[in-house]
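Visitor: Next up, final38.cif (mmCIF, C-alpha atoms).
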```cif
data_input
#
loop_
_atom_site.label_atom_id
_atom_site.label_comp_id
_atom_site.auth_asym_id
_atom_site.auth_seq_id
_atom_site.Cartn_x
_atom_site.Cartn_y
_atom_site.Cartn_z
CA MET A 1 48.61 -27.55 23.79
CA ARG A 2 52.34 -27.70 24.33
CA ASP A 3 53.97 -29.31 27.36
CA SER A 4 55.45 -26.67 29.64
CA SER A 5 56.34 -28.99 32.52
CA ARG A 6 60.08 -28.93 31.75
CA LEU A 7 61.82 -25.65 32.42
CA THR A 8 65.11 -24.56 30.97
CA ARG A 9 67.85 -23.37 33.33
CA ARG A 10 67.17 -19.80 32.16
CA ALA A 11 63.46 -20.22 32.88
CA ALA A 12 64.12 -21.59 36.35
CA LEU A 13 66.44 -18.71 37.12
CA GLY A 14 63.86 -16.23 35.84
CA LEU A 15 61.10 -17.60 38.06
CA THR A 16 63.46 -17.76 41.02
CA ALA A 17 64.39 -14.11 40.58
CA ALA A 18 60.75 -13.09 40.37
CA ALA A 19 59.92 -15.06 43.50
CA LEU A 20 62.67 -13.62 45.70
CA PRO A 21 61.38 -11.53 48.58
CA VAL A 22 61.95 -7.97 47.47
CA SER A 23 63.00 -6.90 50.94
CA ALA A 24 66.03 -9.17 50.59
CA ALA A 25 67.12 -7.23 47.52
CA ALA A 26 66.53 -3.72 48.83
CA PRO A 27 66.26 -2.81 52.51
CA ALA A 28 63.53 -0.31 53.24
CA SER A 29 62.56 2.23 55.81
CA ALA A 30 59.29 2.48 57.71
CA ALA A 31 56.43 0.27 56.62
CA THR A 32 53.12 1.75 55.59
CA VAL A 33 49.53 0.91 56.36
CA ILE A 34 47.21 1.19 53.38
CA GLY A 35 43.59 1.97 54.14
CA GLY A 36 43.91 2.34 57.89
CA GLU A 37 45.80 0.77 60.74
CA ARG A 38 43.04 -1.63 61.76
CA LEU A 39 43.32 -3.35 58.39
CA ALA A 40 46.90 -4.32 59.25
CA ARG A 41 45.72 -6.37 62.23
CA GLY A 42 44.99 -10.05 62.28
CA GLY A 43 41.54 -11.30 63.16
CA ILE A 44 38.10 -9.91 62.37
CA GLN A 45 37.79 -6.14 62.24
CA VAL A 46 34.27 -4.78 62.65
CA SER A 47 32.70 -1.94 64.62
CA GLY A 48 29.13 -0.93 65.44
CA ALA A 49 27.43 -4.06 64.13
CA THR A 50 26.98 -7.66 65.21
CA GLY A 51 25.90 -10.94 63.71
CA LEU A 52 28.70 -11.59 61.24
CA PRO A 53 28.35 -15.02 59.60
CA LYS A 54 29.99 -17.64 61.81
CA LYS A 55 30.94 -20.21 59.19
CA ILE A 56 33.49 -18.19 57.25
CA THR A 57 36.57 -20.34 56.69
CA ALA A 58 38.42 -18.03 54.28
CA ARG A 59 42.02 -17.19 55.15
CA ALA A 60 41.25 -13.57 54.28
CA TRP A 61 38.15 -11.55 53.34
CA LEU A 62 36.96 -7.97 53.06
CA LEU A 63 33.58 -6.25 52.72
CA ALA A 64 33.41 -2.65 51.49
CA ASP A 65 30.98 -0.05 50.24
CA CYS A 66 31.82 0.42 46.57
CA ASP A 67 30.71 4.05 46.36
CA SER A 68 32.25 5.49 49.51
CA GLY A 69 35.18 3.09 49.72
CA GLU A 70 34.48 2.44 53.41
CA VAL A 71 35.61 -0.98 54.62
CA LEU A 72 32.74 -2.31 56.75
CA ALA A 73 34.43 -5.48 57.99
CA SER A 74 37.51 -7.53 57.22
CA TYR A 75 39.64 -10.48 58.21
CA ASN A 76 43.36 -10.41 57.43
CA ALA A 77 42.77 -7.73 54.81
CA HIS A 78 46.45 -7.38 53.85
CA ARG A 79 47.43 -11.03 54.08
CA ARG A 80 49.33 -11.88 50.91
CA LEU A 81 47.95 -14.95 49.17
CA ALA A 82 47.96 -16.42 45.68
CA PRO A 83 45.19 -14.62 43.75
CA ALA A 84 44.51 -17.05 40.88
CA SER A 85 42.35 -15.55 38.12
CA THR A 86 41.07 -12.69 40.24
CA LEU A 87 44.38 -11.07 39.18
CA LYS A 88 42.77 -10.71 35.75
CA MET A 89 40.90 -7.71 37.20
CA LEU A 90 44.26 -5.90 37.40
CA PHE A 91 45.04 -7.08 33.87
CA ALA A 92 41.80 -5.50 32.70
CA ASP A 93 42.46 -2.31 34.68
CA THR A 94 45.78 -2.06 32.86
CA VAL A 95 44.98 -3.09 29.27
CA LEU A 96 41.23 -2.75 28.68
CA LYS A 97 41.20 0.84 27.40
CA LYS A 98 44.11 0.38 25.00
CA PHE A 99 42.07 -1.22 22.19
CA GLU A 100 38.69 -0.46 20.69
CA ARG A 101 36.06 -3.17 21.12
CA THR A 102 35.60 -3.47 17.35
CA GLU A 103 39.31 -3.80 16.54
CA ARG A 104 40.09 -7.11 14.84
CA TYR A 105 43.18 -9.24 15.37
CA LYS A 106 44.39 -12.40 13.63
CA VAL A 107 45.96 -14.71 16.20
CA LYS A 108 49.44 -16.09 15.53
CA ASP A 109 50.94 -19.31 16.89
CA SER A 110 53.39 -17.27 18.95
CA ASP A 111 50.52 -15.47 20.70
CA VAL A 112 49.48 -18.66 22.50
CA SER A 113 52.71 -20.67 22.52
CA ASP A 114 53.57 -19.40 26.01
CA VAL A 115 50.23 -20.23 27.65
CA PRO A 116 51.08 -22.44 30.66
CA SER A 117 50.10 -26.08 30.44
CA GLY A 118 47.00 -26.79 32.53
CA SER A 119 45.56 -23.33 32.00
CA SER A 120 41.89 -22.51 31.75
CA LEU A 121 41.11 -21.82 28.08
CA VAL A 122 38.32 -20.26 26.07
CA GLY A 123 39.42 -21.98 22.85
CA ILE A 124 41.48 -19.49 20.83
CA LYS A 125 42.63 -20.87 17.45
CA PRO A 126 45.73 -19.46 15.72
CA GLY A 127 44.82 -18.28 12.25
CA LEU A 128 41.36 -17.06 13.26
CA THR A 129 40.51 -13.39 13.55
CA TYR A 130 38.79 -12.15 16.71
CA THR A 131 37.42 -8.80 17.77
CA VAL A 132 38.81 -7.24 20.93
CA GLU A 133 35.34 -7.59 22.44
CA GLN A 134 35.41 -11.35 21.87
CA LEU A 135 38.86 -11.63 23.44
CA TRP A 136 37.67 -9.80 26.56
CA GLN A 137 34.61 -12.04 26.72
CA GLY A 138 37.05 -14.94 26.76
CA VAL A 139 38.92 -13.32 29.64
CA PHE A 140 35.92 -12.44 31.81
CA LEU A 141 33.50 -15.28 31.09
CA ARG A 142 35.80 -18.28 30.70
CA SER A 143 38.88 -16.88 32.46
CA GLY A 144 40.78 -17.91 29.33
CA ASN A 145 44.52 -17.63 29.73
CA ASP A 146 44.79 -17.98 25.96
CA ALA A 147 42.75 -14.79 25.55
CA VAL A 148 44.92 -13.03 28.15
CA HIS A 149 48.08 -13.97 26.30
CA VAL A 150 46.73 -12.81 22.95
CA LEU A 151 45.82 -9.42 24.42
CA SER A 152 49.20 -9.26 26.18
CA HIS A 153 51.03 -9.82 22.90
CA MET A 154 48.85 -7.18 21.26
CA ASN A 155 50.00 -4.92 24.10
CA GLY A 156 53.68 -5.47 23.33
CA GLY A 157 54.33 -8.80 25.02
CA ILE A 158 54.24 -10.55 28.37
CA ALA A 159 57.18 -8.62 29.84
CA ARG A 160 55.71 -5.25 29.03
CA THR A 161 52.26 -6.22 30.27
CA VAL A 162 53.59 -7.57 33.57
CA ALA A 163 55.59 -4.38 34.14
CA GLU A 164 52.56 -2.22 33.32
CA MET A 165 50.36 -4.24 35.65
CA GLN A 166 52.84 -3.77 38.48
CA ALA A 167 52.96 -0.05 37.77
CA LYS A 168 49.15 0.06 37.76
CA ALA A 169 49.06 -1.75 41.10
CA ALA A 170 51.45 0.86 42.50
CA ASP A 171 49.23 3.69 41.25
CA LEU A 172 46.17 2.03 42.80
CA GLN A 173 48.20 1.67 46.03
CA ALA A 174 47.78 -2.10 45.89
CA LEU A 175 51.10 -2.65 47.61
CA ASP A 176 50.47 -6.28 48.62
CA THR A 177 50.46 -7.32 44.96
CA HIS A 178 53.42 -8.88 43.16
CA VAL A 179 52.72 -9.68 39.50
CA VAL A 180 54.66 -12.49 37.78
CA SER A 181 52.24 -13.36 34.97
CA PRO A 182 49.25 -11.47 33.52
CA ASP A 183 46.82 -14.38 33.82
CA GLY A 184 46.95 -15.29 37.53
CA PHE A 185 48.43 -18.73 36.86
CA ASP A 186 50.42 -20.22 39.72
CA HIS A 187 53.97 -18.88 39.77
CA PRO A 188 56.27 -18.54 42.78
CA GLY A 189 55.93 -15.09 44.28
CA GLN A 190 52.68 -14.15 42.54
CA LEU A 191 50.65 -12.68 45.40
CA SER A 192 47.88 -10.24 46.25
CA SER A 193 45.46 -9.64 49.12
CA ALA A 194 41.76 -9.24 49.81
CA TYR A 195 42.34 -5.51 50.11
CA ASP A 196 44.14 -5.21 46.78
CA LEU A 197 41.69 -7.38 44.86
CA THR A 198 38.85 -5.20 46.11
CA LEU A 199 40.76 -2.13 44.94
CA PHE A 200 41.11 -3.68 41.47
CA ALA A 201 37.38 -4.40 41.30
CA ARG A 202 36.33 -0.96 42.51
CA HIS A 203 38.61 0.77 40.02
CA GLY A 204 37.51 -1.46 37.13
CA LEU A 205 33.81 -0.99 37.80
CA LYS A 206 34.14 2.71 37.05
CA ASP A 207 34.55 1.66 33.40
CA ASP A 208 31.43 0.71 31.45
CA ASP A 209 33.22 -1.94 29.39
CA PHE A 210 34.71 -3.62 32.47
CA ARG A 211 31.31 -3.67 34.17
CA GLY A 212 29.62 -4.93 31.04
CA TYR A 213 32.04 -7.81 30.52
CA CYS A 214 32.07 -9.00 34.12
CA GLY A 215 28.26 -9.02 34.20
CA THR A 216 27.78 -10.92 30.91
CA ARG A 217 26.33 -14.38 31.49
CA THR A 218 26.72 -15.97 28.05
CA ALA A 219 28.23 -15.09 24.67
CA ASP A 220 28.79 -16.69 21.28
CA PHE A 221 32.46 -17.31 20.55
CA PRO A 222 34.06 -17.92 17.13
CA ALA A 223 34.82 -21.53 16.24
CA GLY A 224 36.03 -20.97 12.67
CA GLY A 225 34.21 -20.10 9.48
CA LYS A 226 30.71 -19.03 10.35
CA LYS A 227 30.47 -21.40 13.31
CA THR A 228 30.29 -20.31 16.94
CA PHE A 229 29.92 -21.98 20.30
CA GLN A 230 28.42 -20.60 23.48
CA ILE A 231 30.55 -19.69 26.48
CA GLN A 232 29.07 -19.16 29.94
CA ASN A 233 30.38 -17.07 32.79
CA THR A 234 31.94 -19.25 35.49
CA ASP A 235 30.69 -16.95 38.28
CA ARG A 236 28.07 -19.19 39.87
CA LEU A 237 26.37 -16.41 41.82
CA LEU A 238 25.82 -14.64 38.51
CA THR A 239 24.52 -17.64 36.56
CA GLY A 240 23.03 -19.84 39.26
CA ALA A 241 25.12 -22.86 38.24
CA TRP A 242 26.16 -25.87 40.33
CA GLY A 243 23.09 -25.82 42.54
CA LEU A 244 23.33 -22.16 43.58
CA ASP A 245 20.65 -19.55 43.16
CA VAL A 246 21.44 -16.36 41.28
CA TYR A 247 22.33 -13.79 43.94
CA LYS A 248 19.87 -10.90 43.84
CA GLY A 249 21.54 -7.73 42.62
CA LEU A 250 24.89 -9.35 41.78
CA PHE A 251 26.68 -7.91 38.72
CA GLY A 252 30.08 -9.72 38.76
CA VAL A 253 33.06 -9.34 39.33
CA LYS A 254 35.69 -12.14 38.97
CA ASN A 255 36.37 -15.61 40.30
CA GLY A 256 39.48 -17.75 40.25
CA TYR A 257 40.86 -21.16 41.09
CA THR A 258 44.24 -22.84 41.02
CA SER A 259 45.52 -25.89 42.85
CA HIS A 260 47.84 -23.65 44.88
CA ALA A 261 45.50 -20.71 45.50
CA GLY A 262 42.34 -22.68 46.01
CA ASN A 263 39.26 -20.57 45.33
CA THR A 264 39.24 -16.79 45.24
CA PHE A 265 36.37 -14.48 44.39
CA THR A 266 35.49 -10.81 44.33
CA GLY A 267 31.76 -10.20 43.97
CA GLY A 268 29.70 -7.03 43.76
CA ALA A 269 25.99 -6.51 44.29
CA THR A 270 23.53 -3.61 44.50
CA ARG A 271 20.42 -3.53 46.69
CA GLY A 272 18.36 -0.63 47.93
CA GLY A 273 20.68 1.91 46.38
CA ARG A 274 23.80 0.47 48.07
CA THR A 275 26.60 -1.29 46.20
CA LEU A 276 28.84 -3.62 48.18
CA LEU A 277 32.01 -5.46 47.23
CA VAL A 278 33.23 -8.64 48.89
CA THR A 279 36.51 -10.47 48.36
CA VAL A 280 36.94 -14.00 49.76
CA MET A 281 40.28 -15.80 49.51
CA HIS A 282 41.15 -19.43 50.15
CA PRO A 283 38.17 -20.87 52.08
CA ASP A 284 38.24 -24.52 53.11
CA PRO A 285 37.75 -26.76 50.07
CA ALA A 286 34.08 -27.35 49.32
CA THR A 287 32.10 -27.28 46.12
CA ASN A 288 30.51 -23.84 46.52
CA ALA A 289 32.29 -22.50 49.63
CA VAL A 290 33.74 -19.34 48.07
CA TYR A 291 30.36 -18.35 46.65
CA GLU A 292 28.34 -19.28 49.73
CA GLN A 293 30.67 -17.29 51.98
CA THR A 294 30.58 -14.32 49.63
CA ALA A 295 26.77 -14.43 49.62
CA ALA A 296 26.69 -14.66 53.42
CA LEU A 297 28.91 -11.60 53.81
CA LEU A 298 26.84 -9.66 51.26
CA ASP A 299 23.65 -10.62 53.12
CA TRP A 300 25.17 -9.33 56.34
CA GLY A 301 26.33 -6.13 54.67
CA PHE A 302 22.88 -5.37 53.30
CA GLY A 303 21.29 -6.32 56.62
CA LYS A 304 22.88 -6.04 60.06
CA GLY A 305 26.00 -4.55 58.54
CA SER A 306 24.09 -1.42 57.57
CA SER A 307 24.93 -0.01 61.00
CA ALA A 308 28.65 -0.89 60.79
CA GLN A 309 31.16 1.89 61.30
CA PRO A 310 34.10 1.83 58.87
CA VAL A 311 37.24 0.08 60.05
CA GLY A 312 39.26 1.35 57.09
CA ALA A 313 38.95 2.63 53.55
CA LEU A 314 39.71 1.69 49.98
CA VAL A 315 42.16 4.38 48.95
CA ASP A 316 41.99 6.31 45.70
CA PRO A 317 44.63 5.94 42.97
CA LEU A 318 47.59 8.29 43.20
CA SER A 319 46.86 9.45 39.64
CA GLU A 320 43.37 10.52 40.73
CA GLY A 321 44.53 12.56 43.70
CA GLY A 322 44.69 9.80 46.27
CA ALA A 323 46.94 10.53 49.25
CA SER A 324 49.89 8.19 49.57
CA ALA A 325 50.06 6.14 52.75
CA SER A 326 52.11 7.53 55.62
CA PRO A 327 54.47 5.48 57.80
CA SER A 328 52.82 3.68 60.68
CA PRO A 329 54.58 4.22 64.02
CA SER A 330 53.01 1.12 65.56
CA GLN A 331 53.62 -1.32 62.74
CA GLY A 332 55.99 -4.06 63.71
CA LYS A 333 55.20 -3.53 67.42
CA GLY A 334 52.43 -6.00 67.90
CA ALA A 335 50.14 -5.02 65.08
CA ALA A 336 50.55 -8.53 63.74
CA GLY A 337 48.96 -9.99 66.79
CA ALA A 338 46.47 -7.29 67.58
CA ALA A 339 43.09 -8.77 68.22
CA GLY A 340 40.03 -7.77 66.30
CA THR A 341 36.57 -8.32 67.66
CA GLY A 342 36.60 -12.04 67.23
CA ALA A 343 38.17 -14.90 65.30
CA ALA A 344 37.05 -16.80 62.27
CA GLY A 345 38.52 -18.83 59.49
CA SER A 346 41.81 -20.63 59.57
CA GLY A 347 44.61 -18.93 61.37
CA SER A 348 45.49 -15.28 61.47
CA SER A 349 48.20 -13.19 59.95
CA GLY A 350 49.88 -9.94 60.64
CA PRO A 351 50.29 -6.97 58.39
CA SER A 352 51.76 -7.48 54.96
CA PRO A 353 52.02 -4.04 53.34
CA TRP A 354 55.07 -3.55 51.17
CA ARG A 355 57.68 -0.89 51.68
CA ILE A 356 58.08 2.04 49.36
CA ALA A 357 61.80 1.51 48.79
CA GLU A 358 61.11 -1.94 47.37
CA GLY A 359 59.58 -0.57 44.19
CA GLY A 360 62.83 -0.30 42.26
CA ALA A 361 64.00 -3.79 43.11
CA LEU A 362 60.58 -5.19 42.27
CA THR A 363 60.60 -3.58 38.85
CA PHE A 364 63.96 -5.15 38.02
CA ALA A 365 62.78 -8.57 39.20
CA LEU A 366 59.58 -8.32 37.16
CA LEU A 367 61.32 -7.13 34.03
CA GLY A 368 63.80 -9.98 34.35
CA ALA A 369 61.04 -12.55 34.67
CA GLY A 370 59.01 -10.91 31.94
CA ALA A 371 61.94 -10.75 29.53
CA TRP A 372 62.48 -14.45 30.06
CA ALA A 373 58.82 -15.09 29.28
CA LEU A 374 59.02 -12.99 26.14
CA ARG A 375 62.10 -14.86 24.86
CA ARG A 376 60.67 -18.24 25.75
CA ARG A 377 59.29 -19.83 22.64
CA ARG A 378 58.54 -23.50 22.62
CA ARG A 379 57.28 -25.47 19.70
CA THR A 380 53.54 -25.16 19.30
CA ALA A 381 51.74 -28.48 19.60
CA GLY A 382 48.44 -27.05 18.50
CA ALA A 383 46.19 -24.62 20.33
CA ALA A 384 42.93 -25.58 21.96
CA ALA A 385 40.12 -25.88 19.45
CA GLY A 386 36.39 -25.60 19.79
CA PRO A 387 34.55 -24.92 23.02
CA ALA A 388 36.46 -24.93 26.26
CA THR A 389 35.69 -28.20 27.99
CA GLY A 390 36.54 -29.29 31.48
CA PRO A 391 36.80 -27.05 34.53
CA ASP A 392 37.86 -23.45 34.49
CA SER A 393 39.71 -21.48 37.08
CA GLY A 394 37.14 -20.42 39.59
CA ASP A 395 34.70 -22.98 38.24
CA THR A 396 35.76 -26.18 39.97
CA PRO A 397 37.02 -26.02 43.54
CA ASP A 398 38.27 -29.58 43.82
CA THR A 399 39.89 -30.65 40.55
CA PRO A 400 41.40 -28.04 38.23
CA ASP A 401 41.95 -28.41 34.52
CA GLY A 402 45.26 -30.21 34.73
CA PRO A 403 47.75 -29.63 37.56
CA THR A 404 46.63 -26.05 37.97
CA ALA A 405 44.39 -23.53 36.30
CA GLY A 406 44.87 -19.79 36.19
#
```
Here is the file; what I need is its structure written in the form of structure tokens.
Guide:
Amino acid sequence: MRDSSRLTRRAALGLTAAALPVSAAAPASAATVIGGERLARGGIQVSGATGLPKKITARAWLLADCDSGEVLASYNAHRRLAPASTLKMLFADTVLKKFERTERYKVKDSDVSDVPSGSSLVGIKPGLTYTVEQLWQGVFLRSGNDAVHVLSHMNGGIARTVAEMQAKAADLQALDTHVVSPDGFDHPGQLSSAYDLTLFARHGLKDDDFRGYCGTRTADFPAGGKKTFQIQNTDRLLTGAWGLDVYKGLFGVKNGYTSHAGNTFTGGATRGGRTLLVTVMHPDPATNAVYEQTAALLDWGFGKGSSAQPVGALVDPLSEGGASASPSPSQGKGAAGAAGTGAAGSGSSGPSPWRIAEGGALTFALLGAGAWALRRRRRTAGAAAGPATGPDSGDTPDTPDGPTAG
């Protein structure tokens, strides 16, 4: 794959523009609290239940009931952190329904020439024809940035896809999220939160295709001619890889890893007629930490957490009748330091919801960065061939595939 370590002056300016704090470009009025004021506080938020797992080192996490949208417990729910490949859930929310599963597409060199060096790959080969279903299997199972870029170019290009993802995030009321690339690869300013990632998962799971892809354990992927190779889902709680047991009732959703983000994961499971979602972001480095902590929170939710009273809610999309957030009179007056019912993990953070007036400035910044990405065409040094070897984002917590993996 090509070397993307050297950036042109135009590229550097584009990334700088995308990374600028939007509030510096457009002053805003009152901040908003999405999902409830307690979710804007630092520290653990829980009510009516005890016995939360003690060894949770994540910098942010959230546990919610998928059906009702009630948030049962959280820690720094709106803290903005690098999402890694969990951002691919928003990519799927945005693009998945645009193409039929059986549609076929012949990949061009230009479709993968802008995949960042060090990316996780499924093994797309220019010149081969893939079905849309196979491309989405590459996205969900192997977290393949090459598959994301092919689908993005089918969708009109990187710039258009980034802009549509940001618009989708706004509709979902995921106001902590700033999209710079469609694949979750490390870029300055690319951020989300445990709250937003859980919104993306909940929305996506309403779609049968989304749910089917994220719950697929293995698939055969084209290798050229009549040959195929097997790809396996990198979600260890789904497959039982790396010394973990398959988590009972788990059906997905998406994991991620980059050298900057560390490990991120949103997982969903159903037991006894209840479906719970957990997002865990940036736990201390350890081989299976993000999965073990997700499993511990799910165990609590299905057990002692059954008596928990909601501390907030996952809001509905604006396009589906969801009420937009109202200004919070207390935000900025100590909400950042408001104590929850305990402390866990590393550090605490205050509220990070975005301001409504920032939307216009954000759109311009994203379109600028996206237009640069669309124009950027380096010489192709050959796309990855054959099965994806080496670690995948979300698959190896200690050493990514190259300097970073999206």
Visitor: If you measure from atom CA of Gly303 of chain A to atom CA of Tyr75 of chain A, what distance in Å do you get, rounded to one decimal?
Guide: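 Spanning atom CA of Gly303 of chain A to atom CA of Tyr75 of chain A is a straight-line distance of 18.9 Å.
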Visitor: Skipping near chain neighbours, those fewer than 5 positions away, what residues fall within 12 Å of Leu314 of chain A using all atoms listed in the file, listed as a PDB file with C-alpha atoms, keeping the file's coordinate frame?
Guide:
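Generated file (part_9.pdb):
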```pdb
ATOM      1  CA  VAL A  33      49.530   0.910  56.360  1.00  0.00           C
ATOM      2  CA  ILE A  34      47.210   1.190  53.380  1.00  0.00           C
ATOM      3  CA  GLY A  35      43.590   1.970  54.140  1.00  0.00           C
ATOM      4  CA  GLY A  36      43.910   2.340  57.890  1.00  0.00           C
ATOM      5  CA  LEU A  39      43.320  -3.350  58.390  1.00  0.00           C
ATOM      6  CA  LEU A  62      36.960  -7.970  53.060  1.00  0.00           C
ATOM      7  CA  LEU A  63      33.580  -6.250  52.720  1.00  0.00           C
ATOM      8  CA  ALA A  64      33.410  -2.650  51.490  1.00  0.00           C
ATOM      9  CA  ASP A  65      30.980  -0.050  50.240  1.00  0.00           C
ATOM     10  CA  CYS A  66      31.820   0.420  46.570  1.00  0.00           C
ATOM     11  CA  ASP A  67      30.710   4.050  46.360  1.00  0.00           C
ATOM     12  CA  SER A  68      32.250   5.490  49.510  1.00  0.00           C
ATOM     13  CA  GLY A  69      35.180   3.090  49.720  1.00  0.00           C
ATOM     14  CA  GLU A  70      34.480   2.440  53.410  1.00  0.00           C
ATOM     15  CA  VAL A  71      35.610  -0.980  54.620  1.00  0.00           C
ATOM     16  CA  LEU A  72      32.740  -2.310  56.750  1.00  0.00           C
ATOM     17  CA  ALA A  73      34.430  -5.480  57.990  1.00  0.00           C
ATOM     18  CA  SER A  74      37.510  -7.530  57.220  1.00  0.00           C
ATOM     19  CA  ALA A  77      42.770  -7.730  54.810  1.00  0.00           C
ATOM     20  CA  HIS A  78      46.450  -7.380  53.850  1.00  0.00           C
ATOM     21  CA  LEU A 172      46.170   2.030  42.800  1.00  0.00           C
ATOM     22  CA  GLN A 173      48.200   1.670  46.030  1.00  0.00           C
ATOM     23  CA  ALA A 174      47.780  -2.100  45.890  1.00  0.00           C
ATOM     24  CA  ALA A 194      41.760  -9.240  49.810  1.00  0.00           C
ATOM     25  CA  TYR A 195      42.340  -5.510  50.110  1.00  0.00           C
ATOM     26  CA  ASP A 196      44.140  -5.210  46.780  1.00  0.00           C
ATOM     27  CA  LEU A 197      41.690  -7.380  44.860  1.00  0.00           C
ATOM     28  CA  THR A 198      38.850  -5.200  46.110  1.00  0.00           C
ATOM     29  CA  LEU A 199      40.760  -2.130  44.940  1.00  0.00           C
ATOM     30  CA  PHE A 200      41.110  -3.680  41.470  1.00  0.00           C
ATOM     31  CA  ALA A 201      37.380  -4.400  41.300  1.00  0.00           C
ATOM     32  CA  ARG A 202      36.330  -0.960  42.510  1.00  0.00           C
ATOM     33  CA  HIS A 203      38.610   0.770  40.020  1.00  0.00           C
ATOM     34  CA  LEU A 277      32.010  -5.460  47.230  1.00  0.00           C
ATOM     35  CA  GLY A 322      44.690   9.800  46.270  1.00  0.00           C
ATOM     36  CA  ALA A 323      46.940  10.530  49.250  1.00  0.00           C
ATOM     37  CA  ALA A 325      50.060   6.140  52.750  1.00  0.00           C
TER      38      ALA A 325
END
```
Visitor: Of the residues A:Arg142, A:Ala223, A:Gly204, A:Ser193, which is the one nearest to Thr129 of chain A, using only C-alpha atoms?
Guide: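 Of A:Arg142, A:Ala223, A:Gly204, A:Ser193, the one nearest Thr129 of chain A, counting only C-alpha atoms, is A:Ala223.
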Visitor: Given the file shown, enumerate the residues that the PyMOL selection byres ((chain A and resi 84) around 8) captures and present them as a VMD selection string.
Guide: chain A and resid 82 to 83 85 to 87 183 to 186 256 to 258 261 to 264 393 405 to 406
Visitor: Please provide the set of residues having any atom within 7 Å of Ala49 of chain A, restricted to only C-alpha atoms, with same-chain residues fewer than 2 positions apart removed, written as a PyMOL selection string.
Guide: chain A and resi 47+304-305+307-308
Visitor: With only C-alpha atoms as the atoms that count, which of A:Leu151, A:Thr177, A:Met165, A:Asp171 lies nearest to Ser324 of chain A?
Guide: A:Asp171
Visitor: Evaluate the PyMOL selection byres ((chain A and resi 57) around 12) on the structure here and hand back the selected residues as a PyMOL selection string.
Guide: chain A and resi 44+53-56+58-61+75+263+280-286+289-294+296-297+343-348
Visitor: Using the chain letters and numbers from the file, give me the residues hit by the PyMOL selection byres ((chain A and resi 131) around 8), as a CSV table (one decimal) with C-alpha atoms, keeping the file's coordinate frame.
Guide:
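expr.csv was written with the following content:
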```csv
chain,number,residue,atom,x,y,z
A,101,ARG,CA,36.1,-3.2,21.1
A,102,THR,CA,35.6,-3.5,17.4
A,103,GLU,CA,39.3,-3.8,16.5
A,104,ARG,CA,40.1,-7.1,14.8
A,105,TYR,CA,43.2,-9.2,15.4
A,129,THR,CA,40.5,-13.4,13.6
A,130,TYR,CA,38.8,-12.2,16.7
A,132,VAL,CA,38.8,-7.2,20.9
A,133,GLU,CA,35.3,-7.6,22.4
A,134,GLN,CA,35.4,-11.4,21.9
A,135,LEU,CA,38.9,-11.6,23.4
```
Visitor: Identify which of the residues A:Lys227, A:Lys97, A:His149, A:Lys88 lies closest to Pro116 of chain A, counting only C-alpha atoms when measuring atom-to-atom distances.
Guide: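 Comparing A:Lys227, A:Lys97, A:His149, A:Lys88 against Pro116 of chain A, the winner is A:His149.
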Visitor: Here is a test: counting all atoms listed in the file, which residue of A:Phe91, A:Arg41, A:Leu175, A:Asn233 is nearest to Ala163 of chain A?
Guide: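 Residue with the minimum atom-to-atom distance to Ala163 of chain A: A:Phe91.
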